[in-house]
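Raw query-v1.tsv, TSV, N, CA and C atoms:
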chain	number	residue	atom	x	y	z
U	1308	MET	N	0.83	-1.18	0.00
U	1308	MET	CA	0.00	0.00	0.00
U	1308	MET	C	0.88	1.25	0.00
U	1309	ALA	N	1.81	1.35	-0.93
U	1309	ALA	CA	2.72	2.50	-0.98
U	1309	ALA	C	1.98	3.77	-1.36
U	1310	PHE	N	1.11	3.70	-2.37
U	1310	PHE	CA	0.38	4.89	-2.80
U	1310	PHE	C	-1.13	4.69	-2.68
U	1311	GLY	N	-1.55	3.76	-1.84
U	1311	GLY	CA	-2.97	3.52	-1.65
U	1311	GLY	C	-3.55	4.50	-0.64
U	1312	ILE	N	-4.84	4.37	-0.45
U	1312	ILE	CA	-5.53	5.20	0.53
U	1312	ILE	C	-6.18	4.26	1.52
U	1313	TYR	N	-5.90	4.46	2.79
U	1313	TYR	CA	-6.43	3.64	3.86
U	1313	TYR	C	-7.93	3.87	3.98
U	1314	LYS	N	-8.70	2.81	3.94
U	1314	LYS	CA	-10.16	2.84	4.05
U	1314	LYS	C	-10.77	3.85	3.07
U	1315	GLN	N	-10.43	3.65	1.82
U	1315	GLN	CA	-10.90	4.55	0.76
U	1315	GLN	C	-12.41	4.60	0.71
U	1316	GLY	N	-12.97	5.79	0.53
U	1316	GLY	CA	-14.41	5.96	0.43
U	1316	GLY	C	-15.10	6.24	1.74
U	1317	GLN	N	-14.42	6.07	2.85
U	1317	GLN	CA	-15.01	6.34	4.16
U	1317	GLN	C	-14.50	7.68	4.68
U	1318	GLY	N	-15.34	8.43	5.35
U	1318	GLY	CA	-14.93	9.72	5.89
U	1318	GLY	C	-14.57	10.72	4.81
U	1319	TYR	N	-15.29	10.68	3.70
U	1319	TYR	CA	-14.93	11.48	2.53
U	1319	TYR	C	-14.87	12.97	2.83
U	1320	TRP	N	-15.94	13.53	3.41
U	1320	TRP	CA	-15.99	14.99	3.59
U	1320	TRP	C	-15.01	15.48	4.64
U	1321	THR	N	-14.80	14.72	5.70
U	1321	THR	CA	-13.81	15.15	6.69
U	1321	THR	C	-12.41	15.11	6.10
U	1322	ARG	N	-12.15	14.14	5.25
U	1322	ARG	CA	-10.84	14.08	4.59
U	1322	ARG	C	-10.66	15.24	3.62
U	1323	VAL	N	-11.70	15.50	2.83
U	1323	VAL	CA	-11.61	16.58	1.83
U	1323	VAL	C	-11.39	17.92	2.52
U	1324	MET	N	-12.17	18.20	3.54
U	1324	MET	CA	-12.05	19.49	4.23
U	1324	MET	C	-10.72	19.61	4.96
U	1325	THR	N	-10.23	18.52	5.52
U	1325	THR	CA	-8.91	18.55	6.16
U	1325	THR	C	-7.83	18.81	5.12
U	1326	ALA	N	-7.92	18.17	3.96
U	1326	ALA	CA	-6.94	18.40	2.90
U	1326	ALA	C	-6.99	19.84	2.41
U	1327	ILE	N	-8.20	20.40	2.30
U	1327	ILE	CA	-8.32	21.80	1.89
U	1327	ILE	C	-7.69	22.72	2.93
U	1328	GLY	N	-7.91	22.43	4.21
U	1328	GLY	CA	-7.31	23.24	5.27
U	1328	GLY	C	-5.79	23.15	5.26
U	1329	ILE	N	-5.25	21.96	5.13
U	1329	ILE	CA	-3.79	21.80	5.07
U	1329	ILE	C	-3.25	22.50	3.84
U	1330	GLY	N	-3.92	22.36	2.70
U	1330	GLY	CA	-3.49	23.01	1.47
U	1330	GLY	C	-3.50	24.52	1.58
U	1331	THR	N	-4.53	25.06	2.23
U	1331	THR	CA	-4.61	26.51	2.41
U	1331	THR	C	-3.45	27.01	3.26
U	1332	LEU	N	-3.17	26.31	4.36
U	1332	LEU	CA	-2.04	26.69	5.20
U	1332	LEU	C	-0.71	26.58	4.44
U	1333	GLY	N	-0.57	25.53	3.66
U	1333	GLY	CA	0.65	25.34	2.89
U	1333	GLY	C	0.84	26.42	1.84
U	1334	LEU	N	-0.23	26.77	1.15
U	1334	LEU	CA	-0.12	27.83	0.14
U	1334	LEU	C	0.15	29.18	0.78
U	1335	ALA	N	-0.44	29.43	1.95
U	1335	ALA	CA	-0.14	30.67	2.66
U	1335	ALA	C	1.33	30.69	3.08
U	1336	GLY	N	1.85	29.56	3.52
U	1336	GLY	CA	3.27	29.48	3.86
U	1336	GLY	C	4.17	29.67	2.66
U	1337	ALA	N	3.78	29.10	1.53
U	1337	ALA	CA	4.57	29.26	0.30
U	1337	ALA	C	4.55	30.71	-0.15
U	1338	GLN	N	3.41	31.36	-0.04
U	1338	GLN	CA	3.31	32.77	-0.42
U	1338	GLN	C	4.15	33.64	0.51
U	1339	TRP	N	4.15	33.33	1.81
U	1339	TRP	CA	4.97	34.07	2.76
U	1339	TRP	C	6.46	33.88	2.45
U	1340	ALA	N	6.86	32.63	2.16
U	1340	ALA	CA	8.26	32.36	1.83
U	1340	ALA	C	8.66	33.07	0.54
U	1341	TRP	N	7.74	33.15	-0.42
U	1341	TRP	CA	8.00	33.87	-1.67
U	1341	TRP	C	8.34	35.33	-1.38
U	1342	GLN	N	7.53	35.95	-0.53
U	1342	GLN	CA	7.76	37.36	-0.21
U	1342	GLN	C	9.05	37.55	0.59
U	1343	GLN	N	9.31	36.65	1.52
U	1343	GLN	CA	10.50	36.79	2.35
U	1343	GLN	C	11.78	36.58	1.55
U	1344	SER	N	11.75	35.70	0.59
U	1344	SER	CA	12.96	35.43	-0.19
U	1344	SER	C	13.19	36.47	-1.29
U	1345	ALA	N	12.26	37.39	-1.47
U	1345	ALA	CA	12.42	38.42	-2.51
U	1345	ALA	C	13.52	39.40	-2.16
U	1346	VAL	N	13.81	39.57	-0.88
U	1346	VAL	CA	14.81	40.57	-0.47
U	1346	VAL	C	16.21	39.99	-0.37
U	1347	LEU	N	16.37	38.71	-0.60
U	1347	LEU	CA	17.69	38.09	-0.50
U	1347	LEU	C	18.57	38.47	-1.69
U	1348	ASP	N	19.85	38.61	-1.42
U	1348	ASP	CA	20.82	38.93	-2.48
U	1348	ASP	C	21.42	37.62	-2.98
U	1349	THR	N	21.13	37.29	-4.24
U	1349	THR	CA	21.61	36.04	-4.81
U	1349	THR	C	22.42	36.33	-6.08
U	1350	PRO	N	23.34	35.44	-6.43
U	1350	PRO	CA	24.12	35.65	-7.66
U	1350	PRO	C	23.31	35.35	-8.93
U	1351	PHE	N	22.10	34.90	-8.77
U	1351	PHE	CA	21.23	34.58	-9.91
U	1351	PHE	C	19.90	35.31	-9.69
U	1352	GLU	N	19.01	35.17	-10.64
U	1352	GLU	CA	17.71	35.82	-10.53
U	1352	GLU	C	16.99	35.34	-9.28
U	1353	VAL	N	16.49	36.26	-8.50
U	1353	VAL	CA	15.85	35.92	-7.23
U	1353	VAL	C	14.55	35.15	-7.45
U	1354	ILE	N	13.95	35.29	-8.61
U	1354	ILE	CA	12.69	34.57	-8.86
U	1354	ILE	C	12.90	33.06	-8.88
U	1355	TYR	N	14.09	32.61	-9.26
U	1355	TYR	CA	14.37	31.17	-9.23
U	1355	TYR	C	14.39	30.67	-7.78
U	1356	LEU	N	14.97	31.45	-6.89
U	1356	LEU	CA	14.99	31.09	-5.48
U	1356	LEU	C	13.57	31.12	-4.92
U	1357	GLN	N	12.82	32.15	-5.26
U	1357	GLN	CA	11.44	32.26	-4.78
U	1357	GLN	C	10.61	31.06	-5.23
U	1358	ALA	N	10.72	30.73	-6.51
U	1358	ALA	CA	9.94	29.61	-7.03
U	1358	ALA	C	10.38	28.29	-6.40
U	1359	SER	N	11.66	28.12	-6.18
U	1359	SER	CA	12.16	26.88	-5.58
U	1359	SER	C	11.66	26.72	-4.16
U	1360	VAL	N	11.79	27.79	-3.37
U	1360	VAL	CA	11.36	27.71	-1.97
U	1360	VAL	C	9.85	27.48	-1.90
U	1361	ALA	N	9.08	28.24	-2.67
U	1361	ALA	CA	7.62	28.07	-2.66
U	1361	ALA	C	7.23	26.68	-3.16
U	1362	GLY	N	7.92	26.19	-4.17
U	1362	GLY	CA	7.63	24.86	-4.70
U	1362	GLY	C	7.93	23.77	-3.70
U	1363	VAL	N	9.04	23.90	-2.99
U	1363	VAL	CA	9.38	22.90	-1.97
U	1363	VAL	C	8.35	22.90	-0.85
U	1364	ILE	N	7.93	24.09	-0.43
U	1364	ILE	CA	6.91	24.17	0.62
U	1364	ILE	C	5.60	23.57	0.13
U	1365	ALA	N	5.20	23.87	-1.09
U	1365	ALA	CA	3.97	23.31	-1.64
U	1365	ALA	C	4.07	21.78	-1.75
U	1366	LEU	N	5.21	21.27	-2.17
U	1366	LEU	CA	5.40	19.82	-2.28
U	1366	LEU	C	5.35	19.15	-0.91
U	1367	ILE	N	6.02	19.73	0.07
U	1367	ILE	CA	5.99	19.18	1.43
U	1367	ILE	C	4.57	19.20	1.99
U	1368	THR	N	3.85	20.29	1.71
U	1368	THR	CA	2.47	20.38	2.17
U	1368	THR	C	1.60	19.31	1.52
U	1369	ALA	N	1.77	19.09	0.23
U	1369	ALA	CA	1.00	18.07	-0.46
U	1369	ALA	C	1.31	16.68	0.09
U	1370	MET	N	2.57	16.42	0.37
U	1370	MET	CA	2.95	15.13	0.94
U	1370	MET	C	2.36	14.96	2.34
U	1371	LEU	N	2.38	16.03	3.13
U	1371	LEU	CA	1.81	15.99	4.47
U	1371	LEU	C	0.30	15.74	4.40
U	1372	ALA	N	-0.38	16.44	3.51
U	1372	ALA	CA	-1.83	16.26	3.37
U	1372	ALA	C	-2.15	14.83	2.96
U	1373	TYR	N	-1.39	14.28	2.01
U	1373	TYR	CA	-1.62	12.90	1.58
U	1373	TYR	C	-1.40	11.93	2.73
U	1374	TRP	N	-0.35	12.17	3.50
U	1374	TRP	CA	-0.07	11.29	4.62
U	1374	TRP	C	-1.19	11.35	5.67
U	1375	VAL	N	-1.65	12.57	5.98
U	1375	VAL	CA	-2.67	12.74	7.02
U	1375	VAL	C	-4.01	12.16	6.58
U	1376	VAL	N	-4.47	12.49	5.39
U	1376	VAL	CA	-5.82	12.08	4.99
U	1376	VAL	C	-5.86	10.75	4.26
U	1377	GLY	N	-4.71	10.20	3.90
U	1377	GLY	CA	-4.73	8.96	3.14
U	1377	GLY	C	-4.00	7.80	3.77
U	1378	LEU	N	-2.92	8.06	4.50
U	1378	LEU	CA	-2.09	6.96	4.98
U	1378	LEU	C	-2.11	6.77	6.50
U	1379	ASN	N	-2.20	7.83	7.25
U	1379	ASN	CA	-2.13	7.76	8.70
U	1379	ASN	C	-3.39	7.10	9.24
U	1380	ARG	N	-3.23	5.87	9.72
U	1380	ARG	CA	-4.39	5.08	10.14
U	1380	ARG	C	-5.15	5.73	11.29
U	1381	ARG	N	-4.45	6.28	12.26
U	1381	ARG	CA	-5.14	6.89	13.40
U	1381	ARG	C	-5.94	8.11	12.97
U	1382	ALA	N	-5.34	8.94	12.12
U	1382	ALA	CA	-6.04	10.14	11.66
U	1382	ALA	C	-7.25	9.76	10.81
U	1383	VAL	N	-7.08	8.79	9.93
U	1383	VAL	CA	-8.19	8.38	9.06
U	1383	VAL	C	-9.32	7.78	9.88
U	1384	ASP	N	-8.99	6.95	10.86
U	1384	ASP	CA	-10.03	6.40	11.73
U	1384	ASP	C	-10.76	7.51	12.48
U	1385	PHE	N	-10.02	8.54	12.89
U	1385	PHE	CA	-10.64	9.69	13.55
U	1385	PHE	C	-11.58	10.42	12.60
U	1386	PHE	N	-11.16	10.63	11.37
U	1386	PHE	CA	-12.01	11.31	10.38
U	1386	PHE	C	-13.29	10.51	10.12
U	1387	ILE	N	-13.15	9.20	10.01
U	1387	ILE	CA	-14.31	8.34	9.76
U	1387	ILE	C	-15.28	8.41	10.95
U	1388	ALA	N	-14.73	8.33	12.16
U	1388	ALA	CA	-15.57	8.40	13.35
U	1388	ALA	C	-16.24	9.77	13.48
U	1389	THR	N	-15.51	10.83	13.14
U	1389	THR	CA	-16.07	12.17	13.21
U	1389	THR	C	-17.23	12.32	12.24
U	1390	GLU	N	-17.05	11.84	11.01
U	1390	GLU	CA	-18.13	11.94	10.05
U	1390	GLU	C	-19.34	11.12	10.48
U	1391	GLY	N	-19.09	9.97	11.08
U	1391	GLY	CA	-20.19	9.16	11.59
U	1391	GLY	C	-20.95	9.86	12.70
U	1392	GLU	N	-20.24	10.53	13.60
U	1392	GLU	CA	-20.90	11.26	14.68
U	1392	GLU	C	-21.65	12.47	14.15
U	1393	MET	N	-21.11	13.12	13.14
U	1393	MET	CA	-21.79	14.30	12.58
U	1393	MET	C	-23.10	13.91	11.91
U	1394	ARG	N	-23.19	12.69	11.41
U	1394	ARG	CA	-24.45	12.23	10.80
U	1394	ARG	C	-25.53	12.03	11.86
U	1395	LYS	N	-25.12	11.82	13.12
U	1395	LYS	CA	-26.07	11.60	14.20
U	1395	LYS	C	-26.60	12.90	14.80
U	1396	VAL	N	-25.99	14.02	14.47
U	1396	VAL	CA	-26.38	15.31	15.06
U	1396	VAL	C	-27.76	15.71	14.56
U	1397	ALA	N	-28.60	16.16	15.47
U	1397	ALA	CA	-29.92	16.67	15.11
U	1397	ALA	C	-29.79	18.17	14.88
U	1398	TRP	N	-29.69	18.57	13.63
U	1398	TRP	CA	-29.52	19.97	13.30
U	1398	TRP	C	-30.86	20.70	13.42
U	1399	PRO	N	-30.84	21.91	14.02
U	1399	PRO	CA	-32.11	22.64	14.18
U	1399	PRO	C	-32.60	23.18	12.85
U	1400	PRO	N	-33.92	23.43	12.77
U	1400	PRO	CA	-34.45	24.04	11.54
U	1400	PRO	C	-33.91	25.46	11.39
U	1401	ARG	N	-33.97	25.96	10.18
U	1401	ARG	CA	-33.41	27.28	9.87
U	1401	ARG	C	-34.04	28.38	10.73
U	1402	LYS	N	-35.34	28.32	10.93
U	1402	LYS	CA	-36.04	29.35	11.71
U	1402	LYS	C	-35.53	29.37	13.15
U	1403	GLU	N	-35.37	28.20	13.74
U	1403	GLU	CA	-34.88	28.11	15.12
U	1403	GLU	C	-33.43	28.60	15.21
U	1404	LEU	N	-32.62	28.23	14.23
U	1404	LEU	CA	-31.23	28.66	14.21
U	1404	LEU	C	-31.12	30.18	14.09
U	1405	THR	N	-31.94	30.77	13.22
U	1405	THR	CA	-31.94	32.23	13.06
U	1405	THR	C	-32.38	32.91	14.35
U	1406	GLY	N	-33.42	32.39	14.99
U	1406	GLY	CA	-33.88	32.97	16.25
U	1406	GLY	C	-32.82	32.88	17.33
U	1407	SER	N	-32.17	31.74	17.44
U	1407	SER	CA	-31.12	31.57	18.44
U	1407	SER	C	-29.94	32.50	18.17
U	1408	THR	N	-29.62	32.68	16.90
U	1408	THR	CA	-28.52	33.58	16.55
U	1408	THR	C	-28.83	35.01	16.98
U	1409	TRP	N	-30.08	35.45	16.75
U	1409	TRP	CA	-30.46	36.81	17.16
U	1409	TRP	C	-30.44	36.96	18.68
U	1410	VAL	N	-30.81	35.91	19.39
U	1410	VAL	CA	-30.74	35.97	20.86
U	1410	VAL	C	-29.29	36.14	21.31
U	1411	VAL	N	-28.38	35.38	20.71
U	1411	VAL	CA	-26.96	35.48	21.07
U	1411	VAL	C	-26.43	36.88	20.75
U	1412	ILE	N	-26.78	37.41	19.59
U	1412	ILE	CA	-26.32	38.75	19.22
U	1412	ILE	C	-26.89	39.79	20.19
U	1413	GLY	N	-28.18	39.67	20.52
U	1413	GLY	CA	-28.81	40.63	21.44
U	1413	GLY	C	-28.19	40.58	22.83
U	1414	VAL	N	-27.96	39.38	23.35
U	1414	VAL	CA	-27.35	39.24	24.67
U	1414	VAL	C	-25.92	39.78	24.66
U	1415	SER	N	-25.18	39.54	23.59
U	1415	SER	CA	-23.81	40.06	23.48
U	1415	SER	C	-23.80	41.59	23.50
U	1416	VAL	N	-24.73	42.20	22.77
U	1416	VAL	CA	-24.81	43.67	22.75
U	1416	VAL	C	-25.22	44.18	24.12
U	1417	LEU	N	-26.16	43.51	24.76
U	1417	LEU	CA	-26.60	43.92	26.09
U	1417	LEU	C	-25.45	43.85	27.10
U	1418	ILE	N	-24.70	42.78	27.08
U	1418	ILE	CA	-23.55	42.64	27.98
U	1418	ILE	C	-22.52	43.73	27.69
U	1419	ALA	N	-22.29	44.01	26.41
U	1419	ALA	CA	-21.34	45.08	26.05
U	1419	ALA	C	-21.80	46.42	26.59
U	1420	LEU	N	-23.10	46.70	26.47
U	1420	LEU	CA	-23.63	47.97	27.00
U	1420	LEU	C	-23.52	48.04	28.52
U	1421	ILE	N	-23.82	46.94	29.20
U	1421	ILE	CA	-23.70	46.91	30.66
U	1421	ILE	C	-22.26	47.15	31.08
U	1422	LEU	N	-21.32	46.51	30.42
U	1422	LEU	CA	-19.90	46.72	30.74
U	1422	LEU	C	-19.46	48.15	30.43
U	1423	PHE	N	-19.95	48.72	29.34
U	1423	PHE	CA	-19.61	50.09	28.99
U	1423	PHE	C	-20.12	51.07	30.05
U	1424	VAL	N	-21.38	50.91	30.45
U	1424	VAL	CA	-21.96	51.80	31.45
U	1424	VAL	C	-21.26	51.64	32.80
U	1425	SER	N	-20.97	50.39	33.19
U	1425	SER	CA	-20.28	50.19	34.46
U	1425	SER	C	-18.87	50.74	34.41
U	1426	ASP	N	-18.21	50.66	33.28
U	1426	ASP	CA	-16.88	51.26	33.13
U	1426	ASP	C	-16.95	52.78	33.28
U	1427	LEU	N	-17.92	53.40	32.63
U	1427	LEU	CA	-18.09	54.85	32.78
U	1427	LEU	C	-18.40	55.22	34.23
U	1428	PHE	N	-19.25	54.43	34.88
U	1428	PHE	CA	-19.61	54.70	36.27
U	1428	PHE	C	-18.39	54.64	37.17
U	1429	PHE	N	-17.61	53.56	37.07
U	1429	PHE	CA	-16.43	53.42	37.94
U	1429	PHE	C	-15.35	54.44	37.59
U	1430	ALA	N	-15.20	54.76	36.30
U	1430	ALA	CA	-14.22	55.79	35.92
U	1430	ALA	C	-14.60	57.14	36.52
U	1431	THR	N	-15.89	57.47	36.53
U	1431	THR	CA	-16.35	58.73	37.12
U	1431	THR	C	-16.10	58.74	38.63
U	1432	ILE	N	-16.41	57.65	39.30
U	1432	ILE	CA	-16.18	57.57	40.75
U	1432	ILE	C	-14.70	57.70	41.06
U	1433	PHE	N	-13.86	57.00	40.31
U	1433	PHE	CA	-12.42	57.07	40.57
U	1433	PHE	C	-11.84	58.44	40.26
U	1434	ARG	N	-12.40	59.14	39.28
U	1434	ARG	CA	-11.96	60.51	39.01
U	1434	ARG	C	-12.36	61.44	40.17
U	1435	LEU	N	-13.57	61.27	40.69
U	1435	LEU	CA	-14.03	62.09	41.82
U	1435	LEU	C	-13.20	61.83	43.07
U	1436	LEU	N	-12.73	60.61	43.25
U	1436	LEU	CA	-11.90	60.27	44.41
U	1436	LEU	C	-10.41	60.53	44.17
U	1437	ASP	N	-10.08	61.08	43.02
U	1437	ASP	CA	-8.69	61.36	42.62
U	1437	ASP	C	-7.82	60.11	42.56
U	1438	VAL	N	-8.42	58.99	42.26
U	1438	VAL	CA	-7.66	57.77	42.02
U	1438	VAL	C	-7.10	57.78	40.60
U	1439	ILE	N	-7.90	58.32	39.69
U	1439	ILE	CA	-7.48	58.48	38.28
U	1439	ILE	C	-7.37	59.95	38.01
U	1440	GLN	N	-6.27	60.33	37.39
U	1440	GLN	CA	-6.11	61.73	37.01
U	1440	GLN	C	-6.35	61.86	35.51
U	1441	THR	N	-7.06	62.94	35.13
U	1441	THR	CA	-7.34	63.13	33.72
U	1441	THR	C	-6.47	64.21	33.14

Re-express the file's structure as structure tokens.
Amino acid sequence: MAFGIYKQGQGYWTRVMTAIGIGTLGLAGAQWAWQQSAVLDTPFEVIYLQASVAGVIALITAMLAYWVVGLNRRAVDFFIATEGEMRKVAWPPRKELTGSTWVVIGVSVLIALILFVSDLFFATIFRLLDVIQT
């Protein structure tokens, strides 16, 4: 099983999304390395160095993603189990989810306002007691 995939066909979406996440991080790293290597002084065109470094990072990232989502038995078993558990989740209807989201937003704003008012209150008291100087 040199280039096979362990338990192929199982845990498809968790594997795909994990590979996309690893790929995104790898491409961000390659882009960062491209920018960092642009300022180096080389006896040849710097773009060759940039392309080499970015290519090596992209290749290492691809190999890592393949190993994690295709070969690593523990990770693959975890992905399969995760997808199985996600199928058991009872997702709320859209209306209930929207209502709950508005409750969370409202409570967050209310807490922010309470903290703001209490901060103003204590700042005023501390200024009157000369604890804080303005």

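Residue nearest Leu1334 of chain U within the list U:Val1438, U:Ile1364, U:Gly1413, U:Ser1407: U:Ile1364 [criterion: smallest interatomic distance, all atoms listed in the file].
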
### Message
Among segment 1317-1397 of chain U, which residues does DSSP mark as alpha helix (DSSP H) when it is run on the backbone? Keep the chain and numbering as in the structure and answer as a ChimeraX atom specification.
### Response
/U:1319-1343,1353-1373,1380-1395

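Our summary of the geometry notes that atom CA of Gly1316 of chain U is positioned 10.5 Å from atom CA of Gly1377 of chain U.
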
### Query
What lies within 12 Å of Gln1440 of chain U using only C-alpha atoms, ignoring chain neighbours under 5 positions off, as a PyMOL selection string?
chain U and resi 1430-1435

### Query
List as a list in words: which residues have an atom within 7 Å of (-14.5, 11.3, 8.9), counting all atoms listed in the file?
Gln1317, Gly1318, Tyr1319, Trp1320, Thr1321, Arg1322, Val1383, Asp1384, Phe1385, Phe1386, Ile1387, Ala1388, Thr1389, Glu1390 and Gly1391 of chain U

### Task
Determine, counting only C-alpha atoms, every residue of protein, DNA or RNA that lies within 10 Å of (1.5, 8.8, -2.0) in the file coordinates, then give the result as an MDAnalysis selection string.
chainID U and resid 1308:1312 1369:1374 1377:1378

### Message
Using Å and a single decimal, report how far atom CA of Val1411 of chain U sits from atom CA of Ala1397 of chain U.
### Response
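Atom CA of Val1411 of chain U lies 20.0 Å from atom CA of Ala1397 of chain U.
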
### Query
Of the residues U:Gly1336, U:Lys1402, U:Glu1352, U:Lys1314, which is the one nearest to Ala1382 of chain U, using only C-alpha atoms?
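Ranked by minimum distance to Ala1382 of chain U, first place goes to U:Lys1314.
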
Using all atoms of segment 1312-1315 of chain U that appear in the file, construct an axis-aligned enclosing box with 8 Å of padding on every side and provide its centre coordinates and edge lengths in Å, rounded to one decimal, as AutoDock Vina command-line options.
--center_x -8.6 --center_y 4.0 --center_z 1.8 --size_x 23.6 --size_y 18.4 --size_z 20.5

#### Entry: Separation of atom CA of Val1363 of chain U from atom CA of Asp1348 of chain U in Å
19.7 Å

### Query
Contacts of Gly1333 of chain U at 7 Å or less, counting all atoms listed in the file, minus same-chain residues fewer than 4 places along, as a ChimeraX atom specification?
/U:1328-1329,1337-1338,1364-1365,1368-1369

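If you measure from each of U:Asp1437, U:Thr1408, U:Ile1367, U:Pro1400 to Leu1332 of chain U using only C-alpha atoms, the closest one turns out to be U:Ile1367.
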
Selecting C-alpha atoms, how would segment 1328-1342 of chain U from this structure be written as a PDB file, in the first residue's frame?
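What follows is the written file selection12.pdb:
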ATOM      1  CA  GLY U1328      -7.307  23.236   5.272  1.00  0.00           C
ATOM      2  CA  ILE U1329      -3.794  21.796   5.068  1.00  0.00           C
ATOM      3  CA  GLY U1330      -3.486  23.009   1.472  1.00  0.00           C
ATOM      4  CA  THR U1331      -4.608  26.512   2.411  1.00  0.00           C
ATOM      5  CA  LEU U1332      -2.039  26.695   5.200  1.00  0.00           C
ATOM      6  CA  GLY U1333       0.650  25.343   2.895  1.00  0.00           C
ATOM      7  CA  LEU U1334      -0.125  27.833   0.144  1.00  0.00           C
ATOM      8  CA  ALA U1335      -0.138  30.670   2.665  1.00  0.00           C
ATOM      9  CA  GLY U1336       3.271  29.477   3.865  1.00  0.00           C
ATOM     10  CA  ALA U1337       4.571  29.264   0.303  1.00  0.00           C
ATOM     11  CA  GLN U1338       3.312  32.773  -0.425  1.00  0.00           C
ATOM     12  CA  TRP U1339       4.968  34.067   2.764  1.00  0.00           C
ATOM     13  CA  ALA U1340       8.257  32.362   1.833  1.00  0.00           C
ATOM     14  CA  TRP U1341       8.001  33.867  -1.675  1.00  0.00           C
ATOM     15  CA  GLN U1342       7.764  37.365  -0.206  1.00  0.00           C
TER      16      GLN U1342
END
